[in-house]
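Here is the file model_13.txt (compact mmCIF, C-alpha atoms and all ligand atoms).
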# COMPACT_ATOMS: atom_id res chain seq x y z
CA MET A 25 0.00 0.00 0.00
CA SER A 26 1.30 3.47 -0.85
CA GLU A 27 1.97 6.11 1.80
CA PRO A 28 -1.19 7.87 2.96
CA ILE A 29 -1.52 11.32 1.40
CA LEU A 30 -2.23 12.87 4.81
CA GLN A 31 -1.10 11.79 8.26
CA VAL A 32 -2.31 13.67 11.31
CA GLU A 33 -0.11 12.46 14.16
CA GLY A 34 -0.50 13.20 17.84
CA PHE A 35 -2.00 16.57 17.05
CA SER A 36 -2.99 18.57 20.14
CA GLY A 37 -4.03 22.18 20.41
CA GLY A 38 -6.49 24.65 21.80
CA PHE A 39 -7.57 28.26 21.88
CA GLN A 40 -5.87 30.99 23.82
CA SER A 41 -8.06 33.30 25.89
CA LYS A 42 -7.41 37.01 26.43
CA THR A 43 -5.68 36.17 29.69
CA GLY A 44 -3.28 33.90 27.83
CA GLU A 45 -4.51 30.53 29.03
CA VAL A 46 -4.91 27.84 26.40
CA THR A 47 -8.01 25.68 26.67
CA GLN A 48 -7.10 22.40 25.05
CA ILE A 49 -9.60 21.24 22.43
CA LEU A 50 -7.73 18.59 20.45
CA HIS A 51 -6.08 15.75 22.36
CA ASP A 52 -3.49 13.68 20.53
CA VAL A 53 -5.53 13.44 17.33
CA SER A 54 -4.18 10.91 14.84
CA TYR A 55 -5.69 9.79 11.58
CA THR A 56 -4.62 9.11 8.02
CA LEU A 57 -6.20 9.69 4.64
CA GLU A 58 -5.37 7.03 2.05
CA ARG A 59 -4.75 8.21 -1.49
CA GLY A 60 -7.74 8.06 -3.79
CA LYS A 61 -10.09 7.04 -0.98
CA ILE A 62 -13.02 8.78 0.64
CA THR A 63 -12.64 9.08 4.40
CA ALA A 64 -15.46 10.28 6.62
CA VAL A 65 -14.87 12.18 9.85
CA VAL A 66 -17.87 11.81 12.13
CA GLY A 67 -18.70 12.75 15.71
CA GLU A 68 -21.11 14.98 17.51
CA THR A 69 -21.04 18.75 17.45
CA GLY A 70 -17.98 20.31 19.04
CA SER A 71 -15.86 17.15 18.78
CA GLY A 72 -13.09 18.95 16.86
CA LYS A 73 -13.77 17.81 13.30
CA SER A 74 -13.61 21.29 11.79
CA VAL A 75 -10.72 22.58 13.92
CA THR A 76 -8.62 19.57 12.85
CA ALA A 77 -9.53 20.03 9.17
CA LEU A 78 -8.81 23.76 9.30
CA SER A 79 -5.44 22.96 10.87
CA VAL A 80 -4.50 21.04 7.73
CA LEU A 81 -4.79 24.25 5.73
CA GLY A 82 -3.46 26.52 8.46
CA LEU A 83 -6.83 28.27 8.59
CA GLN A 84 -7.65 27.95 12.28
CA ALA A 85 -8.71 31.07 14.19
CA PRO A 86 -5.68 33.23 15.09
CA THR A 87 -6.08 32.27 18.74
CA PHE A 88 -5.46 28.58 17.99
CA ARG A 89 -2.27 27.20 19.52
CA ARG A 90 -0.76 23.90 18.49
CA LEU A 91 0.59 22.11 21.53
CA SER A 92 2.14 19.11 19.82
CA GLY A 93 1.95 16.80 16.86
CA SER A 94 2.34 16.98 13.12
CA ILE A 95 0.25 16.95 9.96
CA ARG A 96 2.16 15.35 7.09
CA PHE A 97 0.93 15.95 3.58
CA ASP A 98 2.79 13.97 0.94
CA GLY A 99 5.82 13.88 3.22
CA THR A 100 5.85 17.54 4.32
CA ASP A 101 4.89 18.53 7.86
CA LEU A 102 2.36 21.29 7.25
CA THR A 103 2.73 22.60 10.80
CA THR A 104 6.24 23.76 9.92
CA LEU A 105 5.16 25.80 6.88
CA GLY A 106 4.81 29.56 6.87
CA PRO A 107 1.78 31.47 5.57
CA ARG A 108 3.20 31.82 2.06
CA GLU A 109 3.98 28.14 1.69
CA LEU A 110 0.54 27.22 3.00
CA ARG A 111 -1.09 29.63 0.59
CA ALA A 112 0.77 27.95 -2.26
CA LEU A 113 -0.68 24.56 -1.24
CA ARG A 114 -4.21 25.82 -0.79
CA GLY A 115 -6.25 25.45 -3.91
CA ASN A 116 -3.34 23.93 -5.80
CA ARG A 117 -2.93 20.70 -3.92
CA ILE A 118 -5.48 20.80 -1.11
CA SER A 119 -8.84 22.54 -1.24
CA MET A 120 -11.72 22.79 1.13
CA VAL A 121 -15.44 23.41 0.99
CA PHE A 122 -16.33 25.13 4.23
CA GLN A 123 -19.20 24.37 6.55
CA ASP A 124 -20.97 27.59 5.52
CA ALA A 125 -20.50 27.91 1.76
CA ARG A 126 -22.27 31.18 1.35
CA ALA A 127 -20.17 32.89 4.00
CA ALA A 128 -17.05 31.67 2.22
CA LEU A 129 -18.07 33.52 -0.96
CA ASN A 130 -17.31 37.20 -1.29
CA PRO A 131 -20.61 39.13 -1.31
CA VAL A 132 -19.36 41.99 -3.48
CA PHE A 133 -18.23 40.00 -6.54
CA SER A 134 -20.37 37.95 -8.89
CA ILE A 135 -20.04 34.18 -8.63
CA GLY A 136 -18.54 34.02 -12.12
CA GLN A 137 -16.00 36.68 -11.28
CA GLN A 138 -14.88 34.82 -8.14
CA LEU A 139 -14.49 31.56 -10.00
CA ALA A 140 -12.70 33.29 -12.88
CA ASP A 141 -10.32 35.19 -10.58
CA THR A 142 -9.46 31.97 -8.76
CA TYR A 143 -8.94 30.22 -12.08
CA ARG A 144 -6.49 32.90 -13.23
CA LEU A 145 -4.67 32.81 -9.91
CA HIS A 146 -3.98 29.11 -10.35
CA HIS A 147 -3.77 28.69 -14.11
CA GLY A 148 -3.22 32.16 -15.61
CA GLY A 149 -4.69 33.08 -19.00
CA SER A 150 -6.99 35.85 -20.15
CA ARG A 151 -10.04 37.13 -18.28
CA ARG A 152 -12.28 35.97 -21.05
CA ALA A 153 -10.87 32.44 -21.03
CA ALA A 154 -11.14 32.31 -17.24
CA MET A 155 -14.80 33.38 -17.35
CA ALA A 156 -15.47 30.64 -19.90
CA GLN A 157 -13.92 28.15 -17.45
CA ALA A 158 -16.08 29.56 -14.65
CA VAL A 159 -19.27 29.11 -16.65
CA ASP A 160 -18.20 25.63 -17.66
CA ALA A 161 -17.50 24.71 -14.02
CA LEU A 162 -20.98 25.93 -13.00
CA ARG A 163 -22.47 23.83 -15.80
CA ARG A 164 -20.59 20.77 -14.62
CA VAL A 165 -21.99 21.09 -11.10
CA HIS A 166 -25.46 21.22 -12.70
CA ILE A 167 -26.30 24.84 -12.09
CA PRO A 168 -29.00 25.68 -14.63
CA GLU A 169 -28.42 28.61 -17.01
CA PRO A 170 -24.77 28.90 -15.99
CA GLU A 171 -24.07 31.99 -18.16
CA ARG A 172 -26.80 33.96 -16.41
CA ARG A 173 -26.00 32.53 -12.98
CA ALA A 174 -22.33 33.44 -13.35
CA ARG A 175 -23.35 37.11 -13.39
CA GLN A 176 -25.26 36.82 -10.12
CA TYR A 177 -24.01 37.58 -6.59
CA PRO A 178 -23.89 35.13 -3.68
CA HIS A 179 -27.11 36.51 -2.09
CA GLU A 180 -28.95 35.59 -5.30
CA PHE A 181 -27.93 31.94 -4.93
CA SER A 182 -29.89 29.38 -2.90
CA GLY A 183 -27.99 27.41 -0.24
CA GLY A 184 -27.73 24.38 -2.53
CA MET A 185 -26.49 26.49 -5.41
CA ALA A 186 -23.90 28.19 -3.21
CA GLN A 187 -22.67 24.73 -2.16
CA ARG A 188 -22.43 23.67 -5.80
CA ALA A 189 -20.55 26.86 -6.65
CA MET A 190 -18.10 26.17 -3.82
CA ILE A 191 -17.63 22.59 -5.00
CA ALA A 192 -17.02 23.94 -8.51
CA MET A 193 -14.42 26.29 -7.03
CA ALA A 194 -12.73 23.68 -4.84
CA ALA A 195 -12.70 20.72 -7.24
CA LEU A 196 -12.93 22.06 -10.81
CA ILE A 197 -11.46 25.57 -10.84
CA CYS A 198 -8.80 24.36 -8.42
CA THR A 199 -7.42 20.93 -9.26
CA PRO A 200 -6.39 19.57 -5.88
CA GLU A 201 -5.14 16.14 -4.89
CA LEU A 202 -6.98 16.36 -1.58
CA LEU A 203 -10.48 17.78 -1.19
CA ILE A 204 -11.83 18.44 2.29
CA LEU A 205 -15.58 18.89 2.54
CA ASP A 206 -16.91 20.18 5.85
CA GLU A 207 -20.58 19.21 6.02
CA PRO A 208 -21.20 20.14 2.40
CA THR A 209 -24.88 19.30 2.54
CA THR A 210 -25.96 20.51 5.97
CA GLY A 211 -29.11 22.60 5.87
CA LEU A 212 -30.12 21.40 2.42
CA ASP A 213 -33.18 19.35 1.60
CA VAL A 214 -32.73 15.61 1.22
CA THR A 215 -32.94 15.56 -2.59
CA THR A 216 -30.39 18.34 -2.97
CA GLN A 217 -28.14 16.59 -0.43
CA ALA A 218 -28.21 13.40 -2.46
CA GLU A 219 -27.50 15.27 -5.70
CA ILE A 220 -24.56 17.10 -4.18
CA MET A 221 -23.10 13.88 -2.76
CA ASP A 222 -23.43 12.22 -6.18
CA LEU A 223 -21.65 15.17 -7.69
CA VAL A 224 -18.78 14.91 -5.21
CA LEU A 225 -18.47 11.17 -5.82
CA ASP A 226 -18.38 11.61 -9.59
CA LEU A 227 -15.67 14.24 -9.28
CA ALA A 228 -13.69 12.08 -6.89
CA ARG A 229 -13.86 9.10 -9.23
CA ASP A 230 -13.05 11.11 -12.37
CA ARG A 231 -9.98 12.68 -10.87
CA ALA A 232 -8.80 10.03 -8.43
CA LEU A 233 -9.14 12.64 -5.73
CA THR A 234 -8.58 11.91 -2.06
CA VAL A 235 -11.66 13.13 -0.20
CA CYS A 236 -12.13 13.89 3.49
CA LEU A 237 -15.83 14.24 4.19
CA ILE A 238 -16.88 15.71 7.51
CA THR A 239 -20.50 14.82 8.06
CA HIS A 240 -23.24 14.01 10.55
CA ASP A 241 -25.02 11.86 8.01
CA LEU A 242 -24.14 8.25 8.75
CA GLY A 243 -26.33 7.09 5.87
CA VAL A 244 -24.08 8.98 3.47
CA VAL A 245 -21.02 7.53 5.20
CA ALA A 246 -22.28 3.97 4.86
CA GLU A 247 -23.06 4.47 1.19
CA THR A 248 -20.10 6.45 0.00
CA CYS A 249 -17.06 6.32 2.25
CA ASP A 250 -14.19 3.84 2.36
CA HIS A 251 -12.87 4.70 5.81
CA VAL A 252 -14.26 6.34 8.91
CA VAL A 253 -12.66 8.44 11.65
CA VAL A 254 -14.83 8.79 14.75
CA MET A 255 -14.11 11.82 16.93
CA ASN A 256 -15.45 12.52 20.40
CA ARG A 257 -14.56 15.57 22.49
CA GLY A 258 -11.33 16.29 20.69
CA VAL A 259 -10.17 12.67 20.77
CA VAL A 260 -10.17 10.09 17.98
CA ALA A 261 -12.39 7.35 19.38
CA GLU A 262 -11.61 4.90 16.60
CA THR A 263 -10.77 4.60 12.93
CA GLY A 264 -11.37 1.80 10.45
CA THR A 265 -12.93 0.74 7.19
CA THR A 266 -16.56 1.74 6.85
CA GLU A 267 -17.60 -1.89 6.86
CA ARG A 268 -15.71 -2.70 10.06
CA ILE A 269 -16.91 0.42 11.88
CA PHE A 270 -20.54 -0.26 10.97
CA THR A 271 -20.53 -4.00 11.53
CA ALA A 272 -18.16 -4.34 14.47
CA PRO A 273 -17.62 -1.01 16.24
CA ARG A 274 -15.11 -1.36 19.08
CA ASP A 275 -15.45 1.92 20.89
CA ALA A 276 -18.37 2.63 23.21
CA TYR A 277 -18.85 6.08 21.75
CA THR A 278 -19.01 4.70 18.18
CA LYS A 279 -21.59 2.18 19.30
CA ARG A 280 -23.67 4.96 20.83
CA LEU A 281 -23.36 7.10 17.70
CA LEU A 282 -24.43 4.22 15.45
CA GLY A 283 -27.19 3.23 17.86
CA ALA A 284 -28.54 6.78 17.89
CA SER A 285 -28.61 6.88 14.12
CA GLN A 286 -30.39 3.52 13.89
CA LEU A 287 -33.00 4.81 16.31
CA ALA A 288 -33.40 7.85 14.09
CA GLU A 289 -33.81 5.62 11.03
CA ALA A 290 -36.29 3.39 12.78
CA ALA A 291 -38.32 6.46 13.73
CA GLU A 292 -38.50 7.68 10.12
N1 LIG A 301 -12.27 30.20 17.29
C1 LIG A 301 -12.53 29.46 18.37
N2 LIG A 301 -12.27 29.90 19.60
C2 LIG A 301 -12.53 29.14 20.69
N3 LIG A 301 -13.03 27.90 20.63
C3 LIG A 301 -13.31 27.40 19.44
C4 LIG A 301 -13.09 28.14 18.23
N4 LIG A 301 -13.45 27.36 17.18
C5 LIG A 301 -13.89 26.21 17.71
N5 LIG A 301 -13.81 26.21 19.05
C6 LIG A 301 -14.17 25.11 19.96
O1 LIG A 301 -13.46 23.95 19.56
C7 LIG A 301 -14.28 22.79 19.74
C8 LIG A 301 -14.29 21.99 18.47
O2 LIG A 301 -14.97 22.75 17.48
P1 LIG A 301 -15.18 22.25 16.00
O3 LIG A 301 -15.71 23.41 15.23
O4 LIG A 301 -13.96 21.59 15.50
O5 LIG A 301 -16.32 21.16 16.19
P2 LIG A 301 -17.00 20.24 15.10
O6 LIG A 301 -16.70 18.83 15.45
O7 LIG A 301 -16.63 20.71 13.75
O8 LIG A 301 -18.56 20.50 15.39
P3 LIG A 301 -19.80 20.70 14.38
O9 LIG A 301 -20.26 19.32 14.05
O10 LIG A 301 -20.80 21.44 15.20
O11 LIG A 301 -19.34 21.47 13.20
C9 LIG A 301 -15.63 23.29 20.20
O12 LIG A 301 -15.69 23.13 21.59
C10 LIG A 301 -15.63 24.74 19.83
O13 LIG A 301 -16.43 25.48 20.72
MG MG A 302 -17.65 21.62 12.22

Kindly present the structure from the file in structure tokens form.
Amino acid sequence: MSEPILQVEGFSGGFQSKTGEVTQILHDVSYTLERGKITAVVGETGSGKSVTALSVLGLQAPTFRRLSGSIRFDGTDLTTLGPRELRALRGNRISMVFQDARAALNPVFSIGQQLADTYRLHHGGSRRAAMAQAVDALRRVHIPEPERRARQYPHEFSGGMAQRAMIAMAALICTPELLILDEPTTGLDVTTQAEIMDLVLDLARDRALTVCLITHDLGVVAETCDHVVVMNRGVVAETGTTERIFTAPRDAYTKRLLGASQLAEAAE
């Protein structure tokens, strides 16, 4: 088996208060992402899923303090990189769809403009060619009337459309090796959720992308993910293949999480 593309190892950290104390949030977090696979990160709210993912890109809040550990991406420890080196990785090799897609878009530029500007930043070329790429990316994430939609602003997009636009940005305009999706379908209706997940899977397959999917939806995990990382209160409770985690969970917290979701399914 080849080296994992990402190895989080013994990663601990927390947030510094105004008085200077650090409240530890992440405790010795370790997990790996295998190349070309889809890995889910699950766990209840506040368990540290997003803080860990943001740490990969060096995008934690400025008050975050790493206490120990490393995050190796393709052999390089990302925790040792400066802002410029991290910026060079972002979008080029690793990209992320944030938990709140609309907030991640700039309200004062049209969607097409933002996609086109990002395209030029990474690939160069003329404005006109970049806008054509932007429209094409919107078409490929199934946004209807992409030429017209490209001229619209984020507030004119529905939540599902904003998510699609962010996926277009992260996976088509940028051409990363690793795509991190932080709850890409939260707050969307079930049909739109399913469509967006299908879209992500198609992209992942087409491009042999490595995907890290942070989600609360265990149904989606069971259907689409190869591996699962279970987090609980800033600790990795267990990791394993999706099949093993679902059929023979070892950790008490995982069992509870799966039990709760089965209850929810039974109630539906
Ligand atoms: N900027 C911040 N300052 C202080 N504490 C923070 C900050 N960001 C996150 N935290 C805390 O870190 C912990 C982990 O948060 P995180 O956002 O990683 O949770 P999560 O697992 O992504 O939850 P959710 O499923 O709700 O998105 C929480 O207790 C949260 O309150
Ligand atoms: Mg989160």

What is the distance, in Å and to one decimal place, between CA of Lys61 in chain A and CA of Thr265 in chain A?
-> 10.7 Å

For Thr103 in chain A, work out the shell of residues within 10 Å, counting only C-alpha atoms and skipping chain neighbours fewer than 2 positions away, then give it as a list of chain:residue names.
-> A:Phe35, A:Ser79, A:Val80, A:Leu81, A:Gly82, A:Arg90, A:Ser92, A:Gly93, A:Ser94, A:Ile95, A:Arg96, A:Phe97, A:Thr100, A:Asp101, A:Leu105, A:Gly106, A:Leu110

Nearest-residue call for ligand LIG 301 (chain A), choices A:Leu162, A:Ile49, A:Val32, A:Ile167, using all atoms listed in the file = A:Ile49

Residue neighbourhood range 190-192 of chain A, 7 Å, all atoms listed in the file, exclusion window fewer than 4 positions, as a PyMOL selection string = chain A and resi 121+125+161-162+165+186+196-197

Residue with the minimum atom-to-atom distance to Val224 in chain A, picked from A:Leu202, A:Leu50, A:Leu113, A:Ala195 with only C-alpha atoms counted, is A:Ala195
